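Data block below; observations after.
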Amino acid sequence: MRIKKVLSLILTVSVAVTSSPLIVQAEGEAVSSVTQMVEEIEDKMQTAPRPAEITEHFNIDSKDKFIEFMTEPKYYASNWETTLLCDINMGGAALEPISNYYGTFNGNGHAVSNMTFINCCFAIDNHGTISGIGFRDCQQVSVAGNAAAAGFVINNERDGMINNCFTENDIVNEYGSYVAGFVAKNEGHITGCKAIGEVKGKNQVGGFVGQNEGGTITECKATGNVTGNEYFVGGFVGWNYEGGTIIGCAAEVNVKGNDNIVGGFVGSNCKDVTITNCIATGNVRGDKRVGGFVGDNNFGAINGCTAYVNVIGNEYVGGFVGWNGGRKITNCATKGNVRGEKNLGGFVGWNYCGTINGCTAYVNLTGNSDIGGFVGSNYVHGEITGCEAIGEVKGDYSIGGFVGSNKGQIIVCKAKGNLIGGKK
C-alpha cells in the first residue's frame, strides 16, 4: 500500500536526521510523532479523488510529439496516460503551459531542455499524476504584473500528485505574488522532487513552493538563491498555511527579504501546520521576524529540524525562529551567527505563547538590546524547557547567556559562553 511506503520513507528520514549531533530525541517520541504524521497524510490521501481508468496512451519521442502533447487538449483528460521515451531538446521553441491537466504523465527520468515559457513549464492547474519529468535550462520570458510564476506548475490542486520531478531554471517576477522554483501554490501531494535555480518575487516567494495550503510535501529539496521584495519569503516555502505538512525536506538556499517574515526554510508557518525532520543551510537577511529556519511561526508545530544558517535582521531575529507564537517546537537545533538590533535570540528572537522543548542553539550574537543566547524576549505564557545555548553574546542593554528579557517560564535550561557589553 502507498501509505506503508510513506511510513517507511518517513521512518528512514527520522533516523537519518535525528542522528545528527545537534538533535537528541527519544525513540518513543520519534515513533509517536512519525505515526501521527502518517495518520494525517493518510486522512488527506483518502479525501483526494482517485483518477479515472486509463484507456488511451500517447508516447513522446521527439520535439514534435512534445509540442503535440502540449497543444492538444484531448491528452489532458483523466483517461489518457502519456509517456516520455527520451530527453527532448526544444531548440528554444516557445510553448504555453497546459491550462488544466487531469491525466497521467510518466517521464521515466527524462528531461525537456531549452524551452521558452511564460508562467511555468508544464501546467497552470494540475489535477492529475505527474512523475519523473524534468525541465532544464529553459528560458522564462517576462511575466506581467503580479502574476504567479513557477518552474513546473502554478497550482497543484488537492487531487494533484507530483512525484520525482525536477526543475533547473531561474524564475523571476519581481512584482509577482506566489513565485517559486517548483510550484507556486500547492494543495496536493509532492514527493521526491527538487528545484535548482534563482527565484525572485514580491511575496509568497519560495525556493520550492510559494504557498503550501493544506498540501503535503515529502522528501523534496530546493537549491539556489531566493529574493522577495515584501513578506512571506522562505528558502523552501514562502507561506506554509492552514494544515500544510512538510516532511524530510531540505533547503540549501541564500534568502534575502526586503521586508518582514523571512526564513531560511519557511517564511511564515501559520495555522495548524507541521514541519518535521527538515533542514536549512545558507544565509538569511530581512528586516523583522527573521529566522534561520522560520521567520514567523504562528500556531505551527516544528519537530526534529535543523538550521545551519547565518542570520541578519533588525528586530525579532532568531537563529531558528524570529517570532514564535503558539504550539510546539521540539528537538530542534541551530548553528551559526545572528546579528541585529533588538529582540535577538540564538534560537528564537521573540517567544510569545510558544512552547519550546529540548532544543539547542550553537550561535554567536551581536546586537543592541534584549539579546539572549537562546531567546531574546520570552514573553507572557512563553514556556521553554530542557534547552541549551552555547555561544557568545554581545550587546548593550538586557543581555543574557540564555535570555535577554523574560516574563514567561524557563525550566531546566542552561547556557555556556561569553557575555560582552551590557550597559544595564
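A note on labels: chains of the C-alpha cells are A, B, ... as shown, every chain counts residues from 1, and ligands are counted from 1 in their shown order.
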| query | Got a sec: who's within 7 Å of Leu365 in chain A, counting only C-alpha atoms, leaving out chain neighbours fewer than 2 positions off, as JSON, numbers by chain? | reply | {"A": [337, 338, 339, 346, 363, 367, 392, 393, 394]}
| query | Residues at most 8 Å from range 409-413 of chain A, counting only C-alpha atoms, excluding those fewer than 6 positions away in the same chain, as a VMD selection string? | reply | chain A and resid 378 381 to 388
| request: Could you please determine the separation between CA of Glu174 in chain A and CA of Cys138 in chain A in Å, to one decimal place? | output: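 Interatomic distance here is 18.6 Å.
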| message | I'd like the neighbourhood of range 186-188 of chain A as a ChimeraX atom specification, where a residue qualifies if any of its atoms comes within 8 Å (using only C-alpha atoms), though same-chain residues fewer than 4 positions away should be ignored. | response | /A:155-161,209,211-216
Env of Ala251 in chain A: 7 Å cut, atoms = only C-alpha atoms, seq-sep filter 6 positions within chain, self excluded. Answer as a PDB file with all heavy atoms, in the first residue's frame.
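What ended up in out_22.pdb:
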```pdb
ATOM      1  N   LYS A 221      13.657  18.985  -2.251  1.00  0.00           N
ATOM      2  CA  LYS A 221      14.825  19.834  -1.983  1.00  0.00           C
ATOM      3  C   LYS A 221      14.837  21.049  -2.890  1.00  0.00           C
ATOM      4  O   LYS A 221      14.485  20.965  -4.076  1.00  0.00           O
ATOM      5  CB  LYS A 221      16.104  19.024  -2.190  1.00  0.00           C
ATOM      6  CG  LYS A 221      17.380  19.766  -1.850  1.00  0.00           C
ATOM      7  CD  LYS A 221      18.603  18.871  -2.017  1.00  0.00           C
ATOM      8  CE  LYS A 221      19.882  19.602  -1.643  1.00  0.00           C
ATOM      9  NZ  LYS A 221      21.072  18.719  -1.790  1.00  0.00           N
ATOM     10  N   ALA A 222      15.271  22.179  -2.327  1.00  0.00           N
ATOM     11  CA  ALA A 222      15.470  23.411  -3.089  1.00  0.00           C
ATOM     12  C   ALA A 222      16.909  23.860  -2.925  1.00  0.00           C
ATOM     13  O   ALA A 222      17.459  23.826  -1.823  1.00  0.00           O
ATOM     14  CB  ALA A 222      14.520  24.506  -2.609  1.00  0.00           C
ATOM     15  N   THR A 223      17.517  24.295  -4.025  1.00  0.00           N
ATOM     16  CA  THR A 223      18.891  24.778  -4.009  1.00  0.00           C
ATOM     17  C   THR A 223      18.983  26.061  -4.821  1.00  0.00           C
ATOM     18  O   THR A 223      18.436  26.128  -5.928  1.00  0.00           O
ATOM     19  CB  THR A 223      19.850  23.731  -4.612  1.00  0.00           C
ATOM     20  OG1 THR A 223      19.709  22.494  -3.917  1.00  0.00           O
ATOM     21  CG2 THR A 223      21.288  24.193  -4.531  1.00  0.00           C
ATOM     22  N   GLY A 235      13.350  29.948   2.072  1.00  0.00           N
ATOM     23  CA  GLY A 235      14.253  29.172   1.230  1.00  0.00           C
ATOM     24  C   GLY A 235      13.582  27.975   0.601  1.00  0.00           C
ATOM     25  O   GLY A 235      13.955  27.555  -0.506  1.00  0.00           O
ATOM     26  N   PHE A 236      12.575  27.405   1.262  1.00  0.00           N
ATOM     27  CA  PHE A 236      11.847  26.255   0.712  1.00  0.00           C
ATOM     28  C   PHE A 236      10.405  26.621   0.387  1.00  0.00           C
ATOM     29  O   PHE A 236       9.954  26.443  -0.729  1.00  0.00           O
ATOM     30  CB  PHE A 236      11.899  25.089   1.701  1.00  0.00           C
ATOM     31  CG  PHE A 236      11.401  23.792   1.136  1.00  0.00           C
ATOM     32  CD1 PHE A 236      12.178  23.061   0.259  1.00  0.00           C
ATOM     33  CD2 PHE A 236      10.156  23.297   1.483  1.00  0.00           C
ATOM     34  CE1 PHE A 236      11.728  21.862  -0.278  1.00  0.00           C
ATOM     35  CE2 PHE A 236       9.690  22.101   0.966  1.00  0.00           C
ATOM     36  CZ  PHE A 236      10.477  21.384   0.078  1.00  0.00           C
ATOM     37  N   PHE A 265      14.055  28.363   5.797  1.00  0.00           N
ATOM     38  CA  PHE A 265      13.272  27.248   5.262  1.00  0.00           C
ATOM     39  C   PHE A 265      11.855  27.691   4.900  1.00  0.00           C
ATOM     40  O   PHE A 265      11.401  27.478   3.787  1.00  0.00           O
ATOM     41  CB  PHE A 265      13.236  26.108   6.280  1.00  0.00           C
ATOM     42  CG  PHE A 265      12.693  24.819   5.726  1.00  0.00           C
ATOM     43  CD1 PHE A 265      13.470  24.015   4.922  1.00  0.00           C
ATOM     44  CD2 PHE A 265      11.394  24.422   6.014  1.00  0.00           C
ATOM     45  CE1 PHE A 265      12.963  22.831   4.388  1.00  0.00           C
ATOM     46  CE2 PHE A 265      10.884  23.246   5.505  1.00  0.00           C
ATOM     47  CZ  PHE A 265      11.676  22.449   4.686  1.00  0.00           C
ATOM     48  N   ILE A 279      15.731  20.410   7.063  1.00  0.00           N
ATOM     49  CA  ILE A 279      16.991  21.094   7.306  1.00  0.00           C
ATOM     50  C   ILE A 279      17.137  22.287   6.378  1.00  0.00           C
ATOM     51  O   ILE A 279      16.703  22.246   5.226  1.00  0.00           O
ATOM     52  CB  ILE A 279      18.173  20.107   7.121  1.00  0.00           C
ATOM     53  CG1 ILE A 279      19.499  20.772   7.499  1.00  0.00           C
ATOM     54  CG2 ILE A 279      18.215  19.544   5.711  1.00  0.00           C
ATOM     55  CD1 ILE A 279      20.654  19.790   7.596  1.00  0.00           C
ATOM     56  N   ALA A 280      17.738  23.357   6.913  1.00  0.00           N
ATOM     57  CA  ALA A 280      18.022  24.554   6.116  1.00  0.00           C
ATOM     58  C   ALA A 280      19.486  24.927   6.289  1.00  0.00           C
ATOM     59  O   ALA A 280      20.002  24.921   7.408  1.00  0.00           O
ATOM     60  CB  ALA A 280      17.132  25.718   6.547  1.00  0.00           C
ATOM     61  N   THR A 281      20.148  25.261   5.180  1.00  0.00           N
ATOM     62  CA  THR A 281      21.520  25.764   5.231  1.00  0.00           C
ATOM     63  C   THR A 281      21.625  26.985   4.329  1.00  0.00           C
ATOM     64  O   THR A 281      20.966  27.057   3.293  1.00  0.00           O
ATOM     65  CB  THR A 281      22.531  24.702   4.765  1.00  0.00           C
ATOM     66  OG1 THR A 281      22.239  24.323   3.416  1.00  0.00           O
ATOM     67  CG2 THR A 281      22.480  23.470   5.646  1.00  0.00           C
TER      68      THR A 281
END
```
| task | Excluding Thr83 in chain A and any residue of its chain fewer than 4 positions from it, enumerate the residues within 7 Å of it, using only C-alpha atoms, and give them as a ChimeraX atom specification. | result | /A:58-60,105-107
| Selection near Asn203 in chain A, 10 Å with only C-alpha atoms, sequence-local residues under 2 positions removed, as a ChimeraX atom specification | /A:146,174-179,200-201,205-206,210-211,227-234,238-239,257,259,261,267
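Note that the spacing between CA of Ile54 in chain A and CA of Thr82 in chain A amounts to 10.2 Å.
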| query | Which residues in range 99-166 of chain A does DSSP call strand (DSSP E or B)? List them as a ChimeraX atom specification. | reply | /A:99-101,104-113,116-117,123-126,129-136,139-140,149-150,153-156,161-163,166
Tell me which protein, DNA and RNA residues are within 12 Å of Ala123 in chain A, counting only C-alpha atoms, leaving out same-chain ones fewer than 2 positions away, and put them as an mmCIF file with N, CA and C atoms, in the first residue's frame.
```cif
data_model
loop_
_atom_site.group_PDB
_atom_site.id
_atom_site.type_symbol
_atom_site.label_atom_id
_atom_site.label_comp_id
_atom_site.auth_asym_id
_atom_site.auth_seq_id
_atom_site.Cartn_x
_atom_site.Cartn_y
_atom_site.Cartn_z
ATOM 1 N N PHE A 69 1.677 17.129 -27.674
ATOM 2 C CA PHE A 69 1.113 16.877 -26.355
ATOM 3 C C PHE A 69 0.707 18.178 -25.664
ATOM 4 N N MET A 70 1.554 19.172 -25.722
ATOM 5 C CA MET A 70 1.298 20.421 -25.006
ATOM 6 C C MET A 70 0.176 21.247 -25.638
ATOM 7 N N THR A 71 -0.157 20.984 -26.882
ATOM 8 C CA THR A 71 -1.146 21.811 -27.591
ATOM 9 C C THR A 71 -2.432 21.083 -27.949
ATOM 10 N N PRO A 73 -5.636 19.319 -26.390
ATOM 11 C CA PRO A 73 -6.362 19.142 -25.123
ATOM 12 C C PRO A 73 -6.821 17.720 -24.816
ATOM 13 N N TYR A 76 -5.062 15.784 -22.078
ATOM 14 C CA TYR A 76 -5.127 16.257 -20.706
ATOM 15 C C TYR A 76 -6.188 15.528 -19.887
ATOM 16 N N LEU A 95 6.390 27.582 -25.726
ATOM 17 C CA LEU A 95 5.140 26.864 -25.510
ATOM 18 C C LEU A 95 4.400 27.452 -24.327
ATOM 19 N N GLU A 96 3.077 27.564 -24.459
ATOM 20 C CA GLU A 96 2.249 27.954 -23.320
ATOM 21 C C GLU A 96 1.957 26.728 -22.473
ATOM 22 N N PRO A 97 1.820 26.896 -21.161
ATOM 23 C CA PRO A 97 1.516 25.740 -20.302
ATOM 24 C C PRO A 97 0.101 25.222 -20.534
ATOM 25 N N ILE A 98 -0.126 23.968 -20.167
ATOM 26 C CA ILE A 98 -1.454 23.378 -20.200
ATOM 27 C C ILE A 98 -2.341 24.113 -19.195
ATOM 28 N N SER A 99 -3.593 24.337 -19.579
ATOM 29 C CA SER A 99 -4.499 25.058 -18.661
ATOM 30 C C SER A 99 -4.897 24.188 -17.481
ATOM 31 N N ASN A 100 -5.491 23.018 -17.736
ATOM 32 C CA ASN A 100 -5.918 22.095 -16.693
ATOM 33 C C ASN A 100 -5.533 20.679 -17.090
ATOM 34 N N TYR A 101 -4.703 20.054 -16.249
ATOM 35 C CA TYR A 101 -4.247 18.705 -16.565
ATOM 36 C C TYR A 101 -4.852 17.704 -15.586
ATOM 37 N N TYR A 102 -5.503 16.635 -16.137
ATOM 38 C CA TYR A 102 -6.135 15.602 -15.326
ATOM 39 C C TYR A 102 -5.550 14.221 -15.588
ATOM 40 N N GLY A 103 -4.633 14.126 -16.521
ATOM 41 C CA GLY A 103 -4.129 12.836 -16.949
ATOM 42 C C GLY A 103 -3.011 12.273 -16.088
ATOM 43 N N PHE A 105 1.103 11.326 -16.379
ATOM 44 C CA PHE A 105 2.298 11.554 -17.192
ATOM 45 C C PHE A 105 3.478 10.819 -16.556
ATOM 46 N N PHE A 117 9.294 29.573 -21.912
ATOM 47 C CA PHE A 117 7.999 29.506 -21.247
ATOM 48 C C PHE A 117 7.669 30.850 -20.610
ATOM 49 N N ILE A 118 6.405 30.996 -20.190
ATOM 50 C CA ILE A 118 5.984 32.252 -19.564
ATOM 51 C C ILE A 118 5.819 32.037 -18.065
ATOM 52 N N ASN A 119 4.660 31.574 -17.622
ATOM 53 C CA ASN A 119 4.413 31.416 -16.177
ATOM 54 C C ASN A 119 5.054 30.170 -15.591
ATOM 55 N N CYS A 120 5.010 29.062 -16.349
ATOM 56 C CA CYS A 120 5.567 27.802 -15.865
ATOM 57 C C CYS A 120 5.802 26.881 -17.048
ATOM 58 N N CYS A 121 6.459 25.742 -16.786
ATOM 59 C CA CYS A 121 6.822 24.833 -17.877
ATOM 60 C C CYS A 121 5.739 23.820 -18.235
ATOM 61 N N ASP A 125 -2.938 24.495 -13.840
ATOM 62 C CA ASP A 125 -3.620 23.738 -12.781
ATOM 63 C C ASP A 125 -3.406 22.253 -13.017
ATOM 64 N N ASN A 126 -2.863 21.555 -12.014
ATOM 65 C CA ASN A 126 -2.679 20.114 -12.115
ATOM 66 C C ASN A 126 -3.638 19.382 -11.199
ATOM 67 N N HIS A 127 -4.473 18.515 -11.800
ATOM 68 C CA HIS A 127 -5.358 17.629 -11.060
ATOM 69 C C HIS A 127 -4.945 16.167 -11.249
ATOM 70 N N GLY A 128 -3.917 15.946 -12.046
ATOM 71 C CA GLY A 128 -3.521 14.593 -12.389
ATOM 72 C C GLY A 128 -2.320 14.100 -11.612
ATOM 73 N N THR A 129 -1.653 13.081 -12.180
ATOM 74 C CA THR A 129 -0.457 12.498 -11.583
ATOM 75 C C THR A 129 0.704 12.651 -12.553
ATOM 76 N N ILE A 130 1.740 13.343 -12.114
ATOM 77 C CA ILE A 130 2.908 13.619 -12.963
ATOM 78 C C ILE A 130 4.127 13.027 -12.279
ATOM 79 N N ALA A 149 4.329 32.729 -10.820
ATOM 80 C CA ALA A 149 5.315 32.100 -11.697
ATOM 81 C C ALA A 149 6.003 30.971 -10.947
ATOM 82 N N ALA A 150 6.312 29.881 -11.661
ATOM 83 C CA ALA A 150 6.975 28.730 -11.045
ATOM 84 C C ALA A 150 7.685 27.918 -12.113
ATOM 85 N N GLY A 151 8.624 27.077 -11.687
ATOM 86 C CA GLY A 151 9.385 26.289 -12.636
ATOM 87 C C GLY A 151 8.621 25.136 -13.233
ATOM 88 N N PHE A 152 7.598 24.614 -12.548
ATOM 89 C CA PHE A 152 6.926 23.398 -13.014
ATOM 90 C C PHE A 152 5.422 23.608 -13.202
ATOM 91 N N VAL A 153 4.706 23.884 -12.116
ATOM 92 C CA VAL A 153 3.250 24.024 -12.135
ATOM 93 C C VAL A 153 2.864 25.244 -11.305
ATOM 94 N N ILE A 154 1.823 25.954 -11.725
ATOM 95 C CA ILE A 154 1.345 27.077 -10.922
ATOM 96 C C ILE A 154 0.529 26.570 -9.733
ATOM 97 N N ASN A 155 -0.555 25.843 -9.982
ATOM 98 C CA ASN A 155 -1.411 25.329 -8.908
ATOM 99 C C ASN A 155 -1.438 23.803 -8.940
ATOM 100 N N ASN A 156 -0.905 23.166 -7.893
ATOM 101 C CA ASN A 156 -1.085 21.731 -7.734
ATOM 102 C C ASN A 156 -2.296 21.537 -6.832
ATOM 103 N N GLU A 157 -3.414 21.160 -7.432
ATOM 104 C CA GLU A 157 -4.684 21.119 -6.718
ATOM 105 C C GLU A 157 -4.754 19.933 -5.757
ATOM 106 N N GLY A 160 -4.068 16.698 -7.128
ATOM 107 C CA GLY A 160 -2.841 16.633 -7.907
ATOM 108 C C GLY A 160 -1.713 15.933 -7.168
ATOM 109 N N ILE A 162 2.505 15.006 -7.706
ATOM 110 C CA ILE A 162 3.728 15.186 -8.471
ATOM 111 C C ILE A 162 4.833 14.415 -7.770
ATOM 112 N N PHE A 182 9.483 25.602 -7.996
ATOM 113 C CA PHE A 182 8.825 24.385 -8.486
ATOM 114 C C PHE A 182 7.320 24.569 -8.675
ATOM 115 N N VAL A 183 6.582 24.831 -7.604
ATOM 116 C CA VAL A 183 5.123 25.016 -7.659
ATOM 117 C C VAL A 183 4.760 26.315 -6.956
ATOM 118 N N ALA A 184 3.940 27.137 -7.595
ATOM 119 C CA ALA A 184 3.555 28.414 -6.988
ATOM 120 C C ALA A 184 2.645 28.202 -5.773
#
```
| request: Pick out the closest residue to Thr366 in chain A from this set: A:Gly318, A:Val309, A:Asn324, A:Ser405. Count only C-alpha atoms. | output: A:Gly318
| field | Interatomic distance, CA of Asn331 in chain A to CA of Asn225 in chain A (Å, one decimal) | value |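 Separation of CA of Asn331 in chain A and CA of Asn225 in chain A: 27.5 Å.
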| Which of these residues is nearest to Val290 in chain A, using only C-alpha atoms: A:Ala389, A:Ala361, A:Val311, A:Val380? | A:Val311
| Given only C-alpha atoms as the counted atoms, nearest of A:Asn114, A:Asn298, A:Asn277, A:Asn283 to Asp137 in chain A | A:Asn114
